[in-house]
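Colleague: Just one file: input32.cif, with mmCIF, N, CA and C atoms and all ligand atoms.
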data_start
#
loop_
_atom_site.label_atom_id
_atom_site.label_comp_id
_atom_site.auth_asym_id
_atom_site.auth_seq_id
_atom_site.Cartn_x
_atom_site.Cartn_y
_atom_site.Cartn_z
N MET A 10 64.11 -16.53 242.11
CA MET A 10 63.22 -16.55 240.93
C MET A 10 61.79 -16.81 241.39
N ILE A 11 60.85 -16.10 240.82
CA ILE A 11 59.46 -16.31 241.20
C ILE A 11 58.89 -17.54 240.48
N PRO A 12 58.01 -18.28 241.15
CA PRO A 12 57.42 -19.44 240.48
C PRO A 12 56.56 -18.98 239.31
N MET A 13 56.60 -19.71 238.22
CA MET A 13 55.87 -19.29 237.03
C MET A 13 54.66 -20.17 236.77
N THR A 14 53.56 -19.55 236.46
CA THR A 14 52.41 -20.33 236.02
C THR A 14 52.57 -20.56 234.53
N ASP A 15 51.89 -21.55 234.02
CA ASP A 15 51.97 -21.87 232.60
C ASP A 15 51.62 -20.68 231.72
N SER A 16 50.51 -20.04 232.06
CA SER A 16 50.05 -18.98 231.18
C SER A 16 51.00 -17.79 231.23
N ALA A 17 51.53 -17.49 232.40
CA ALA A 17 52.49 -16.39 232.51
C ALA A 17 53.72 -16.70 231.66
N ASN A 18 54.13 -17.95 231.73
CA ASN A 18 55.25 -18.43 230.94
C ASN A 18 55.01 -18.26 229.45
N ASN A 19 53.84 -18.67 229.01
CA ASN A 19 53.48 -18.57 227.60
C ASN A 19 53.44 -17.12 227.13
N LEU A 20 52.87 -16.26 228.00
CA LEU A 20 52.80 -14.84 227.65
C LEU A 20 54.21 -14.28 227.50
N LEU A 21 55.07 -14.65 228.45
CA LEU A 21 56.45 -14.15 228.39
C LEU A 21 57.13 -14.62 227.11
N TYR A 22 56.92 -15.87 226.79
CA TYR A 22 57.52 -16.44 225.59
C TYR A 22 57.06 -15.67 224.34
N ARG A 23 55.75 -15.42 224.26
CA ARG A 23 55.22 -14.67 223.12
C ARG A 23 55.84 -13.27 223.04
N ALA A 24 55.95 -12.65 224.21
CA ALA A 24 56.52 -11.29 224.26
C ALA A 24 57.99 -11.31 223.83
N GLN A 25 58.71 -12.33 224.26
CA GLN A 25 60.12 -12.45 223.87
C GLN A 25 60.26 -12.57 222.36
N GLN A 26 59.40 -13.40 221.77
CA GLN A 26 59.44 -13.58 220.31
C GLN A 26 59.19 -12.26 219.58
N LEU A 27 58.19 -11.53 220.10
CA LEU A 27 57.81 -10.26 219.48
C LEU A 27 58.96 -9.26 219.56
N CYS A 28 59.65 -9.26 220.70
CA CYS A 28 60.77 -8.32 220.88
C CYS A 28 61.92 -8.67 219.93
N VAL A 29 62.11 -9.94 219.67
CA VAL A 29 63.14 -10.35 218.70
C VAL A 29 62.75 -9.83 217.32
N THR A 30 61.48 -10.05 216.95
CA THR A 30 60.99 -9.58 215.66
C THR A 30 61.13 -8.06 215.51
N ARG A 31 60.82 -7.37 216.60
CA ARG A 31 60.86 -5.90 216.54
C ARG A 31 62.25 -5.34 216.79
N ALA A 32 63.17 -6.22 217.14
CA ALA A 32 64.55 -5.81 217.44
C ALA A 32 64.60 -4.77 218.56
N VAL A 33 63.83 -5.00 219.63
CA VAL A 33 63.90 -4.14 220.81
C VAL A 33 64.45 -4.97 221.97
N ARG A 34 65.05 -4.31 222.93
CA ARG A 34 65.72 -5.01 224.03
C ARG A 34 64.77 -5.31 225.18
N PHE A 35 64.48 -6.58 225.34
CA PHE A 35 63.63 -7.04 226.44
C PHE A 35 64.59 -7.47 227.56
N THR A 36 65.04 -6.50 228.32
CA THR A 36 66.08 -6.76 229.33
C THR A 36 65.51 -7.62 230.47
N PRO A 37 66.39 -8.26 231.25
CA PRO A 37 65.92 -9.11 232.35
C PRO A 37 64.97 -8.38 233.30
N ILE A 38 65.26 -7.11 233.59
CA ILE A 38 64.40 -6.39 234.53
C ILE A 38 63.02 -6.14 233.90
N ARG A 39 62.99 -5.84 232.61
CA ARG A 39 61.71 -5.66 231.91
C ARG A 39 60.92 -6.96 231.91
N GLN A 40 61.62 -8.07 231.72
CA GLN A 40 60.96 -9.37 231.73
C GLN A 40 60.43 -9.71 233.12
N GLN A 41 61.21 -9.30 234.13
CA GLN A 41 60.78 -9.53 235.51
C GLN A 41 59.48 -8.81 235.82
N ILE A 42 59.41 -7.53 235.40
CA ILE A 42 58.20 -6.73 235.62
C ILE A 42 57.03 -7.34 234.83
N PHE A 43 57.32 -7.75 233.61
CA PHE A 43 56.30 -8.37 232.77
C PHE A 43 55.72 -9.60 233.48
N LEU A 44 56.62 -10.44 234.00
CA LEU A 44 56.17 -11.67 234.68
C LEU A 44 55.36 -11.37 235.94
N LEU A 45 55.81 -10.38 236.70
CA LEU A 45 55.07 -10.01 237.91
C LEU A 45 53.65 -9.61 237.52
N MET A 46 53.52 -8.86 236.42
CA MET A 46 52.20 -8.41 235.99
C MET A 46 51.39 -9.57 235.41
N ALA A 47 52.07 -10.49 234.74
CA ALA A 47 51.36 -11.65 234.16
C ALA A 47 50.79 -12.54 235.27
N GLN A 48 51.44 -12.53 236.41
CA GLN A 48 50.99 -13.39 237.51
C GLN A 48 50.02 -12.68 238.44
N HIS A 49 49.94 -11.36 238.28
CA HIS A 49 49.06 -10.58 239.13
C HIS A 49 47.75 -10.38 238.37
N ASN A 50 46.71 -11.06 238.80
CA ASN A 50 45.48 -11.07 238.01
C ASN A 50 44.59 -9.88 238.27
N ALA A 51 45.17 -8.72 238.41
CA ALA A 51 44.40 -7.52 238.69
C ALA A 51 45.25 -6.32 238.32
N MET A 52 44.62 -5.14 238.36
CA MET A 52 45.43 -3.95 238.08
C MET A 52 46.42 -3.74 239.22
N ILE A 53 47.53 -3.11 238.88
CA ILE A 53 48.55 -2.90 239.90
C ILE A 53 49.20 -1.53 239.69
N SER A 54 49.51 -0.87 240.78
CA SER A 54 50.15 0.44 240.68
C SER A 54 51.66 0.27 240.57
N ALA A 55 52.32 1.31 240.08
CA ALA A 55 53.79 1.27 239.97
C ALA A 55 54.41 1.06 241.35
N TYR A 56 53.79 1.66 242.34
CA TYR A 56 54.28 1.54 243.71
C TYR A 56 54.24 0.10 244.20
N ASP A 57 53.12 -0.58 243.95
CA ASP A 57 52.99 -1.99 244.38
C ASP A 57 53.92 -2.89 243.57
N LEU A 58 54.11 -2.54 242.31
CA LEU A 58 55.04 -3.31 241.48
C LEU A 58 56.46 -3.20 242.04
N LEU A 59 56.82 -1.99 242.45
CA LEU A 59 58.15 -1.77 243.01
C LEU A 59 58.32 -2.62 244.27
N ALA A 60 57.29 -2.63 245.12
CA ALA A 60 57.36 -3.41 246.36
C ALA A 60 57.56 -4.89 246.05
N GLN A 61 56.85 -5.38 245.04
CA GLN A 61 57.01 -6.80 244.66
C GLN A 61 58.38 -7.08 244.06
N LEU A 62 58.83 -6.13 243.25
CA LEU A 62 60.14 -6.30 242.60
C LEU A 62 61.25 -6.32 243.65
N GLN A 63 61.08 -5.49 244.68
CA GLN A 63 62.12 -5.39 245.71
C GLN A 63 62.26 -6.67 246.53
N LEU A 64 61.24 -7.51 246.53
CA LEU A 64 61.35 -8.82 247.18
C LEU A 64 62.35 -9.69 246.43
N LEU A 65 62.46 -9.43 245.12
CA LEU A 65 63.37 -10.22 244.27
C LEU A 65 64.69 -9.49 244.04
N GLU A 66 64.57 -8.17 243.87
CA GLU A 66 65.74 -7.33 243.60
C GLU A 66 65.74 -6.20 244.61
N PRO A 67 66.35 -6.42 245.77
CA PRO A 67 66.26 -5.44 246.86
C PRO A 67 66.76 -4.05 246.47
N ASN A 68 67.61 -3.95 245.46
CA ASN A 68 68.16 -2.65 245.08
C ASN A 68 67.31 -1.90 244.06
N ALA A 69 66.20 -2.48 243.65
CA ALA A 69 65.37 -1.83 242.63
C ALA A 69 64.86 -0.48 243.15
N LYS A 70 64.92 0.51 242.26
CA LYS A 70 64.48 1.87 242.61
C LYS A 70 63.30 2.26 241.70
N PRO A 71 62.52 3.28 242.14
CA PRO A 71 61.36 3.67 241.33
C PRO A 71 61.64 3.89 239.83
N PRO A 72 62.76 4.57 239.47
CA PRO A 72 62.99 4.78 238.02
C PRO A 72 63.10 3.47 237.25
N THR A 73 63.59 2.42 237.91
CA THR A 73 63.69 1.11 237.27
C THR A 73 62.30 0.66 236.81
N VAL A 74 61.35 0.79 237.72
CA VAL A 74 59.98 0.36 237.43
C VAL A 74 59.36 1.27 236.37
N TYR A 75 59.55 2.58 236.50
CA TYR A 75 58.93 3.49 235.54
C TYR A 75 59.48 3.30 234.13
N ARG A 76 60.79 3.07 234.05
CA ARG A 76 61.37 2.84 232.72
C ARG A 76 60.86 1.54 232.11
N ALA A 77 60.75 0.51 232.94
CA ALA A 77 60.25 -0.78 232.44
C ALA A 77 58.79 -0.63 232.00
N LEU A 78 57.99 0.10 232.79
CA LEU A 78 56.58 0.31 232.43
C LEU A 78 56.46 1.08 231.11
N ASP A 79 57.32 2.09 230.93
CA ASP A 79 57.32 2.86 229.68
C ASP A 79 57.58 1.93 228.50
N PHE A 80 58.55 1.05 228.67
CA PHE A 80 58.87 0.10 227.61
C PHE A 80 57.68 -0.82 227.31
N LEU A 81 57.09 -1.36 228.36
CA LEU A 81 55.97 -2.30 228.18
C LEU A 81 54.77 -1.61 227.53
N LEU A 82 54.55 -0.33 227.89
CA LEU A 82 53.48 0.46 227.26
C LEU A 82 53.77 0.68 225.79
N GLU A 83 55.01 1.07 225.53
CA GLU A 83 55.47 1.34 224.17
C GLU A 83 55.25 0.12 223.26
N GLU A 84 55.52 -1.06 223.79
CA GLU A 84 55.40 -2.29 223.00
C GLU A 84 53.97 -2.85 223.01
N GLY A 85 53.09 -2.19 223.76
CA GLY A 85 51.69 -2.62 223.79
C GLY A 85 51.44 -3.86 224.64
N PHE A 86 52.37 -4.16 225.55
CA PHE A 86 52.21 -5.35 226.39
C PHE A 86 51.27 -5.10 227.57
N ILE A 87 51.12 -3.84 227.92
CA ILE A 87 50.27 -3.50 229.06
C ILE A 87 49.38 -2.32 228.68
N HIS A 88 48.30 -2.15 229.45
CA HIS A 88 47.46 -0.96 229.31
C HIS A 88 47.64 -0.11 230.56
N LYS A 89 47.62 1.20 230.35
CA LYS A 89 47.62 2.09 231.49
C LYS A 89 46.18 2.40 231.83
N ILE A 90 45.82 2.30 233.10
CA ILE A 90 44.48 2.63 233.53
C ILE A 90 44.55 4.03 234.14
N GLU A 91 44.19 5.01 233.30
CA GLU A 91 44.39 6.40 233.70
C GLU A 91 43.61 6.76 234.95
N SER A 92 42.36 6.29 235.02
CA SER A 92 41.49 6.70 236.13
C SER A 92 41.92 6.10 237.46
N SER A 93 42.73 5.05 237.44
CA SER A 93 43.15 4.43 238.70
C SER A 93 44.65 4.54 238.90
N ASN A 94 45.32 5.19 237.95
CA ASN A 94 46.77 5.30 238.03
C ASN A 94 47.42 3.93 238.26
N ALA A 95 46.99 2.98 237.44
CA ALA A 95 47.49 1.61 237.59
C ALA A 95 47.70 1.00 236.20
N PHE A 96 48.16 -0.23 236.19
CA PHE A 96 48.50 -0.89 234.93
C PHE A 96 47.96 -2.30 234.93
N ILE A 97 47.75 -2.83 233.74
CA ILE A 97 47.29 -4.21 233.61
C ILE A 97 47.95 -4.82 232.37
N LEU A 98 48.37 -6.06 232.51
CA LEU A 98 48.94 -6.74 231.35
C LEU A 98 47.84 -7.01 230.34
N CYS A 99 48.15 -6.86 229.06
CA CYS A 99 47.16 -7.16 228.03
C CYS A 99 47.56 -8.44 227.32
N PRO A 100 46.77 -9.51 227.48
CA PRO A 100 47.12 -10.78 226.84
C PRO A 100 46.98 -10.71 225.32
N HIS A 101 46.40 -9.64 224.81
CA HIS A 101 46.16 -9.53 223.37
C HIS A 101 47.22 -8.70 222.68
N PHE A 102 48.36 -8.52 223.33
CA PHE A 102 49.41 -7.71 222.72
C PHE A 102 49.84 -8.32 221.39
N GLY A 103 50.36 -7.45 220.53
CA GLY A 103 50.80 -7.94 219.23
C GLY A 103 49.79 -7.65 218.15
N GLU A 104 48.55 -7.40 218.55
CA GLU A 104 47.52 -7.03 217.58
C GLU A 104 46.85 -5.75 218.07
N LYS A 105 46.66 -4.83 217.18
CA LYS A 105 46.01 -3.58 217.53
C LYS A 105 44.54 -3.88 217.82
N HIS A 106 44.02 -3.38 218.93
CA HIS A 106 42.63 -3.69 219.25
C HIS A 106 41.98 -2.56 220.03
N PRO A 107 40.65 -2.39 219.82
CA PRO A 107 39.94 -1.42 220.65
C PRO A 107 39.89 -1.98 222.07
N SER A 108 39.79 -1.11 223.04
CA SER A 108 39.86 -1.60 224.41
C SER A 108 38.89 -0.84 225.31
N GLN A 109 38.01 -1.60 225.96
CA GLN A 109 37.14 -1.03 226.99
C GLN A 109 37.40 -1.85 228.26
N LEU A 110 37.68 -1.18 229.35
CA LEU A 110 38.06 -1.88 230.57
C LEU A 110 36.97 -1.76 231.63
N LEU A 111 36.56 -2.91 232.18
CA LEU A 111 35.63 -2.94 233.30
C LEU A 111 36.48 -3.18 234.55
N LEU A 112 36.49 -2.20 235.44
CA LEU A 112 37.42 -2.23 236.57
C LEU A 112 36.67 -2.47 237.88
N CYS A 113 37.03 -3.55 238.58
CA CYS A 113 36.36 -3.84 239.85
C CYS A 113 37.04 -3.07 240.97
N LYS A 114 36.24 -2.23 241.68
CA LYS A 114 36.87 -1.43 242.72
C LYS A 114 37.03 -2.22 244.01
N SER A 115 36.51 -3.46 244.03
CA SER A 115 36.66 -4.28 245.22
C SER A 115 37.94 -5.13 245.15
N CYS A 116 38.09 -5.90 244.07
CA CYS A 116 39.27 -6.80 243.98
C CYS A 116 40.33 -6.29 243.03
N GLY A 117 40.04 -5.22 242.28
CA GLY A 117 41.03 -4.70 241.34
C GLY A 117 41.07 -5.48 240.04
N GLY A 118 40.17 -6.46 239.91
CA GLY A 118 40.12 -7.26 238.69
C GLY A 118 39.72 -6.39 237.49
N VAL A 119 40.17 -6.80 236.32
CA VAL A 119 39.88 -6.04 235.11
C VAL A 119 39.36 -6.98 234.03
N ILE A 120 38.24 -6.63 233.44
CA ILE A 120 37.74 -7.37 232.28
C ILE A 120 37.98 -6.47 231.08
N GLU A 121 38.66 -7.01 230.08
CA GLU A 121 38.95 -6.20 228.89
C GLU A 121 38.01 -6.60 227.76
N LEU A 122 37.28 -5.61 227.26
CA LEU A 122 36.39 -5.83 226.12
C LEU A 122 37.02 -5.23 224.87
N HIS A 123 36.65 -5.77 223.73
CA HIS A 123 37.22 -5.27 222.46
C HIS A 123 36.11 -4.96 221.48
N ASN A 124 35.16 -4.18 221.91
CA ASN A 124 34.00 -3.93 221.09
C ASN A 124 34.27 -2.83 220.06
N THR A 125 34.19 -3.20 218.77
CA THR A 125 34.50 -2.21 217.73
C THR A 125 33.36 -1.21 217.54
N GLU A 126 32.12 -1.61 217.89
CA GLU A 126 31.00 -0.68 217.73
C GLU A 126 31.12 0.49 218.69
N ILE A 127 31.50 0.20 219.94
CA ILE A 127 31.70 1.29 220.91
C ILE A 127 32.81 2.22 220.41
N GLU A 128 33.86 1.59 219.92
CA GLU A 128 35.00 2.35 219.40
C GLU A 128 34.58 3.29 218.28
N GLU A 129 33.81 2.74 217.32
CA GLU A 129 33.41 3.54 216.16
C GLU A 129 32.41 4.62 216.54
N LEU A 130 31.51 4.27 217.46
CA LEU A 130 30.52 5.25 217.90
C LEU A 130 31.22 6.42 218.59
N LEU A 131 32.16 6.10 219.47
CA LEU A 131 32.91 7.14 220.17
C LEU A 131 33.64 8.03 219.17
N GLN A 132 34.22 7.37 218.16
CA GLN A 132 34.96 8.11 217.13
C GLN A 132 34.05 9.06 216.36
N SER A 133 32.86 8.55 215.95
CA SER A 133 32.00 9.40 215.15
C SER A 133 31.39 10.52 215.99
N LEU A 134 31.12 10.25 217.27
CA LEU A 134 30.62 11.31 218.14
C LEU A 134 31.69 12.38 218.35
N ALA A 135 32.93 11.93 218.49
CA ALA A 135 34.03 12.88 218.65
C ALA A 135 34.19 13.72 217.38
N ASP A 136 34.06 13.05 216.21
CA ASP A 136 34.16 13.74 214.92
C ASP A 136 33.13 14.87 214.82
N GLU A 137 31.91 14.57 215.29
CA GLU A 137 30.85 15.59 215.24
C GLU A 137 31.24 16.85 215.99
N HIS A 138 32.09 16.67 216.99
CA HIS A 138 32.53 17.82 217.79
C HIS A 138 33.89 18.33 217.33
N GLY A 139 34.37 17.78 216.22
CA GLY A 139 35.68 18.17 215.72
C GLY A 139 36.80 17.83 216.70
N PHE A 140 36.55 16.81 217.48
CA PHE A 140 37.50 16.44 218.53
C PHE A 140 38.40 15.31 218.06
N ALA A 141 39.72 15.51 218.19
CA ALA A 141 40.67 14.46 217.78
C ALA A 141 41.07 13.64 219.00
N ILE A 142 40.62 12.39 219.03
CA ILE A 142 40.91 11.52 220.17
C ILE A 142 42.35 11.00 220.08
N THR A 143 43.05 11.06 221.19
CA THR A 143 44.41 10.49 221.20
C THR A 143 44.46 9.17 221.97
N THR A 144 43.62 9.04 222.99
CA THR A 144 43.57 7.79 223.75
C THR A 144 42.12 7.33 223.81
N LYS A 145 41.87 6.13 223.31
CA LYS A 145 40.48 5.70 223.17
C LYS A 145 40.01 4.71 224.22
N THR A 146 40.86 4.35 225.16
CA THR A 146 40.46 3.34 226.14
C THR A 146 39.31 3.86 227.00
N VAL A 147 38.22 3.09 227.04
CA VAL A 147 37.08 3.44 227.88
C VAL A 147 37.25 2.70 229.21
N GLU A 148 37.09 3.41 230.31
CA GLU A 148 37.27 2.79 231.62
C GLU A 148 35.97 2.91 232.41
N ALA A 149 35.42 1.78 232.82
CA ALA A 149 34.19 1.77 233.62
C ALA A 149 34.48 1.14 234.97
N HIS A 150 34.03 1.79 236.04
CA HIS A 150 34.29 1.28 237.39
C HIS A 150 33.04 0.64 237.97
N GLY A 151 33.24 -0.39 238.76
CA GLY A 151 32.10 -1.04 239.40
C GLY A 151 32.53 -2.26 240.18
N ILE A 152 31.63 -3.24 240.28
CA ILE A 152 31.87 -4.45 241.08
C ILE A 152 31.72 -5.67 240.17
N CYS A 153 32.71 -6.55 240.19
CA CYS A 153 32.67 -7.73 239.32
C CYS A 153 31.75 -8.80 239.87
N ALA A 154 31.44 -9.80 239.04
CA ALA A 154 30.49 -10.84 239.41
C ALA A 154 30.93 -11.57 240.68
N ASP A 155 32.21 -11.90 240.79
CA ASP A 155 32.71 -12.61 241.97
C ASP A 155 32.50 -11.80 243.23
N CYS A 156 32.77 -10.51 243.15
CA CYS A 156 32.68 -9.65 244.33
C CYS A 156 31.22 -9.33 244.69
N ARG A 157 30.31 -9.52 243.75
CA ARG A 157 28.90 -9.21 244.02
C ARG A 157 28.22 -10.32 244.76
N GLU A 158 28.83 -11.51 244.79
CA GLU A 158 28.19 -12.67 245.42
C GLU A 158 28.05 -12.50 246.92
ZN ZN B 1 44.39 -5.00 225.38
ZN ZN B 2 35.96 -7.97 242.01
#
What's the structure tokens form of this structure?
Modeller:
Amino acid sequence: MIPMTDSANNLLYRAQQLCVTRAVRFTPIRQQIFLLMAQHNAMISAYDLLAQLQLLEPNAKPPTVYRALDFLLEEGFIHKIESSNAFILCPHFGEKHPSQLLLCKSCGGVIELHNTEIEELLQSLADEHGFAITTKTVEAHGICADCRE
């Protein structure tokens, strides 16, 4: 069993409650992936997740990770970072929110913003072009404050 930090524990607990409410199956392997992501304070690829999972479950195979990630995405527990082909746990799961991600290309850290004005502006600009947006996450790449020091 991996050591749990308080906050990872709390996040897992909240997610468990939500899954009970929604009557969806939060299987042990899904919870394991969730915890790994809760403890990993940066974006992570499916490949790296598999490597970490295999330290705990040597028989884990790629489909195991992909299925778990699909579930976590479906339930809104994680965000997919399209431009980096990676994933990040969202501590704000359970509530629908606009999402803008600042992605550090040095440490992989992610700052999640929830600015509704950016969201609405993007929507109205898209409307002007008759464009129907399906995924609204804005992804910006750069260097975080810690890495700039
Ligand atoms: Zn989020
Ligand atoms: Zn950084």
Colleague: What residues have any atom no more than 6.5 Å from ligand ZN 2 (chain B) when counting only N, CA and C atoms and all ligand atoms, and can you list them as a PDB file with N, CA and C atoms, in the frame of the given file?
Modeller:
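What ended up in part-v8.pdb:
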ATOM      1  N   CYS A 113      37.030  -3.550 238.580  1.00  0.00           N
ATOM      2  CA  CYS A 113      36.360  -3.840 239.850  1.00  0.00           C
ATOM      3  C   CYS A 113      37.040  -3.070 240.970  1.00  0.00           C
ATOM      4  N   LYS A 114      36.240  -2.230 241.680  1.00  0.00           N
ATOM      5  CA  LYS A 114      36.870  -1.430 242.720  1.00  0.00           C
ATOM      6  C   LYS A 114      37.030  -2.220 244.010  1.00  0.00           C
ATOM      7  N   SER A 115      36.510  -3.460 244.030  1.00  0.00           N
ATOM      8  CA  SER A 115      36.660  -4.280 245.220  1.00  0.00           C
ATOM      9  C   SER A 115      37.940  -5.130 245.150  1.00  0.00           C
ATOM     10  N   CYS A 116      38.090  -5.900 244.070  1.00  0.00           N
ATOM     11  CA  CYS A 116      39.270  -6.800 243.980  1.00  0.00           C
ATOM     12  C   CYS A 116      40.330  -6.290 243.030  1.00  0.00           C
ATOM     13  N   GLY A 117      40.040  -5.220 242.280  1.00  0.00           N
ATOM     14  CA  GLY A 117      41.030  -4.700 241.340  1.00  0.00           C
ATOM     15  C   GLY A 117      41.070  -5.480 240.040  1.00  0.00           C
ATOM     16  N   GLY A 118      40.170  -6.460 239.910  1.00  0.00           N
ATOM     17  CA  GLY A 118      40.120  -7.260 238.690  1.00  0.00           C
ATOM     18  C   GLY A 118      39.720  -6.390 237.490  1.00  0.00           C
ATOM     19  N   ILE A 152      31.630  -3.240 240.280  1.00  0.00           N
ATOM     20  CA  ILE A 152      31.870  -4.450 241.080  1.00  0.00           C
ATOM     21  C   ILE A 152      31.720  -5.670 240.170  1.00  0.00           C
ATOM     22  N   CYS A 153      32.710  -6.550 240.190  1.00  0.00           N
ATOM     23  CA  CYS A 153      32.670  -7.730 239.320  1.00  0.00           C
ATOM     24  C   CYS A 153      31.750  -8.800 239.870  1.00  0.00           C
ATOM     25  N   ALA A 154      31.440  -9.800 239.040  1.00  0.00           N
ATOM     26  CA  ALA A 154      30.490 -10.840 239.410  1.00  0.00           C
ATOM     27  C   ALA A 154      30.930 -11.570 240.680  1.00  0.00           C
ATOM     28  N   ASP A 155      32.210 -11.900 240.790  1.00  0.00           N
ATOM     29  CA  ASP A 155      32.710 -12.610 241.970  1.00  0.00           C
ATOM     30  C   ASP A 155      32.500 -11.800 243.230  1.00  0.00           C
ATOM     31  N   CYS A 156      32.770 -10.510 243.150  1.00  0.00           N
ATOM     32  CA  CYS A 156      32.680  -9.650 244.330  1.00  0.00           C
ATOM     33  C   CYS A 156      31.220  -9.330 244.690  1.00  0.00           C
ATOM     34  N   ARG A 157      30.310  -9.520 243.750  1.00  0.00           N
ATOM     35  CA  ARG A 157      28.900  -9.210 244.020  1.00  0.00           C
ATOM     36  C   ARG A 157      28.220 -10.320 244.760  1.00  0.00           C
TER      37      ARG A 157
END
Colleague: Go ahead and compute the interatomic distance for CA of Val33 (chain A) and CA of Ala77 (chain A), in Å to one decimal.
Modeller: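 It comes out at 12.6 Å.
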Colleague: Using only N, CA and C atoms and all ligand atoms, which residues have at least one atom no more than 7 Å from ligand ZN 1 (chain B)? Output them as a ChimeraX atom specification.
Modeller: /A:87-88,98-102,106-108,121
Colleague: Looking only at strand (DSSP E or B) from DSSP on the backbone, list the matching residues of chain A as a VMD selection string.
Modeller: chain A and resid 53 87 to 90 95 to 98 109 to 113 119 to 122 147 to 151
Colleague: Could you take the residues named above and write them with N, CA and C atoms, as a short mmCIF file (atom, residue, chain, number, x, y, z; two decimals), in the coordinates of the input?
Modeller:
data_model
loop_
_atom_site.label_atom_id
_atom_site.label_comp_id
_atom_site.auth_asym_id
_atom_site.auth_seq_id
_atom_site.Cartn_x
_atom_site.Cartn_y
_atom_site.Cartn_z
N ILE A 53 47.53 -3.11 238.88
CA ILE A 53 48.55 -2.90 239.90
C ILE A 53 49.20 -1.53 239.69
N ILE A 87 51.12 -3.84 227.92
CA ILE A 87 50.27 -3.50 229.06
C ILE A 87 49.38 -2.32 228.68
N HIS A 88 48.30 -2.15 229.45
CA HIS A 88 47.46 -0.96 229.31
C HIS A 88 47.64 -0.11 230.56
N LYS A 89 47.62 1.20 230.35
CA LYS A 89 47.62 2.09 231.49
C LYS A 89 46.18 2.40 231.83
N ILE A 90 45.82 2.30 233.10
CA ILE A 90 44.48 2.63 233.53
C ILE A 90 44.55 4.03 234.14
N ALA A 95 46.99 2.98 237.44
CA ALA A 95 47.49 1.61 237.59
C ALA A 95 47.70 1.00 236.20
N PHE A 96 48.16 -0.23 236.19
CA PHE A 96 48.50 -0.89 234.93
C PHE A 96 47.96 -2.30 234.93
N ILE A 97 47.75 -2.83 233.74
CA ILE A 97 47.29 -4.21 233.61
C ILE A 97 47.95 -4.82 232.37
N LEU A 98 48.37 -6.06 232.51
CA LEU A 98 48.94 -6.74 231.35
C LEU A 98 47.84 -7.01 230.34
N GLN A 109 38.01 -1.60 225.96
CA GLN A 109 37.14 -1.03 226.99
C GLN A 109 37.40 -1.85 228.26
N LEU A 110 37.68 -1.18 229.35
CA LEU A 110 38.06 -1.88 230.57
C LEU A 110 36.97 -1.76 231.63
N LEU A 111 36.56 -2.91 232.18
CA LEU A 111 35.63 -2.94 233.30
C LEU A 111 36.48 -3.18 234.55
N LEU A 112 36.49 -2.20 235.44
CA LEU A 112 37.42 -2.23 236.57
C LEU A 112 36.67 -2.47 237.88
N CYS A 113 37.03 -3.55 238.58
CA CYS A 113 36.36 -3.84 239.85
C CYS A 113 37.04 -3.07 240.97
N VAL A 119 40.17 -6.80 236.32
CA VAL A 119 39.88 -6.04 235.11
C VAL A 119 39.36 -6.98 234.03
N ILE A 120 38.24 -6.63 233.44
CA ILE A 120 37.74 -7.37 232.28
C ILE A 120 37.98 -6.47 231.08
N GLU A 121 38.66 -7.01 230.08
CA GLU A 121 38.95 -6.20 228.89
C GLU A 121 38.01 -6.60 227.76
N LEU A 122 37.28 -5.61 227.26
CA LEU A 122 36.39 -5.83 226.12
C LEU A 122 37.02 -5.23 224.87
N VAL A 147 38.22 3.09 227.04
CA VAL A 147 37.08 3.44 227.88
C VAL A 147 37.25 2.70 229.21
N GLU A 148 37.09 3.41 230.31
CA GLU A 148 37.27 2.79 231.62
C GLU A 148 35.97 2.91 232.41
N ALA A 149 35.42 1.78 232.82
CA ALA A 149 34.19 1.77 233.62
C ALA A 149 34.48 1.14 234.97
N HIS A 150 34.03 1.79 236.04
CA HIS A 150 34.29 1.28 237.39
C HIS A 150 33.04 0.64 237.97
N GLY A 151 33.24 -0.39 238.76
CA GLY A 151 32.10 -1.04 239.40
C GLY A 151 32.53 -2.26 240.18
#
Colleague: Could you work out an axis-aligned box for region 65-75 of chain A, taking every atom the file lists and adding 5 Å on each side, and report centre and edge lengths in Å to one decimal, as AutoDock Vina command-line options?
Modeller:
--center_x 63.5 --center_y -2.7 --center_z 240.5 --size_x 19.2 --size_y 25.0 --size_z 22.7
Colleague: For a test of reading the model, state the distance in Å between atom C of Gly151 (chain A) and CA of His123 (chain A), rounded to one decimal.
Modeller: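 Value for the atom C of Gly151 (chain A)-CA of His123 (chain A) distance: 18.6 Å.
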Colleague: What is the CA of Phe43 (chain A) to CA of Ala17 (chain A) distance in Å?
Modeller: 8.9 Å
Colleague: Could you check the closest approach to Arg39 (chain A) for each of A:Ser16, A:Leu78, A:Arg23, A:Ala69 and tell me which residue wins, using only C-alpha atoms?
Modeller: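 Of the candidates, the smallest distance to Arg39 (chain A) is held by A:Leu78.
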Colleague: Show me as a PyMOL selection string the residues that reach within 10 Å of (55.9, -10.0, 230.9), counting only C-alpha atoms and using the file's own coordinates.
Modeller: chain A and resi 17-25+35+38-48+81+86-87+98-100
Colleague: Per DSSP on the backbone, filter region 51-107 of chain A down to the residues in alpha helix (DSSP H) and report them as a list in words.
Modeller: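 Restricting region 51-107 of chain A to alpha helix (DSSP H) produces Ala55, Tyr56, Asp57, Leu58, Leu59, Ala60, Gln61, Leu62, Gln63, Leu64, Leu65, Pro71, Pro72, Thr73, Val74, Tyr75, Arg76, Ala77, Leu78, Asp79, Phe80, Leu81, Leu82 and Glu83 of chain A.
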Colleague: Given all atoms listed in the file as the basis, pick out the residue of A:Pro72, A:Gln61, A:His49, A:Leu110 nearest to His150 (chain A).
Modeller: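 Ranked by minimum distance to His150 (chain A), first place goes to A:Leu110.
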Colleague: Find, counting all atoms listed in the file, the residue in A:Ala135, A:Val74, A:Val147, A:Ile97 that gets nearest to Gln109 (chain A).
Modeller: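 That would be A:Val147, the residue with the smallest distance to Gln109 (chain A).
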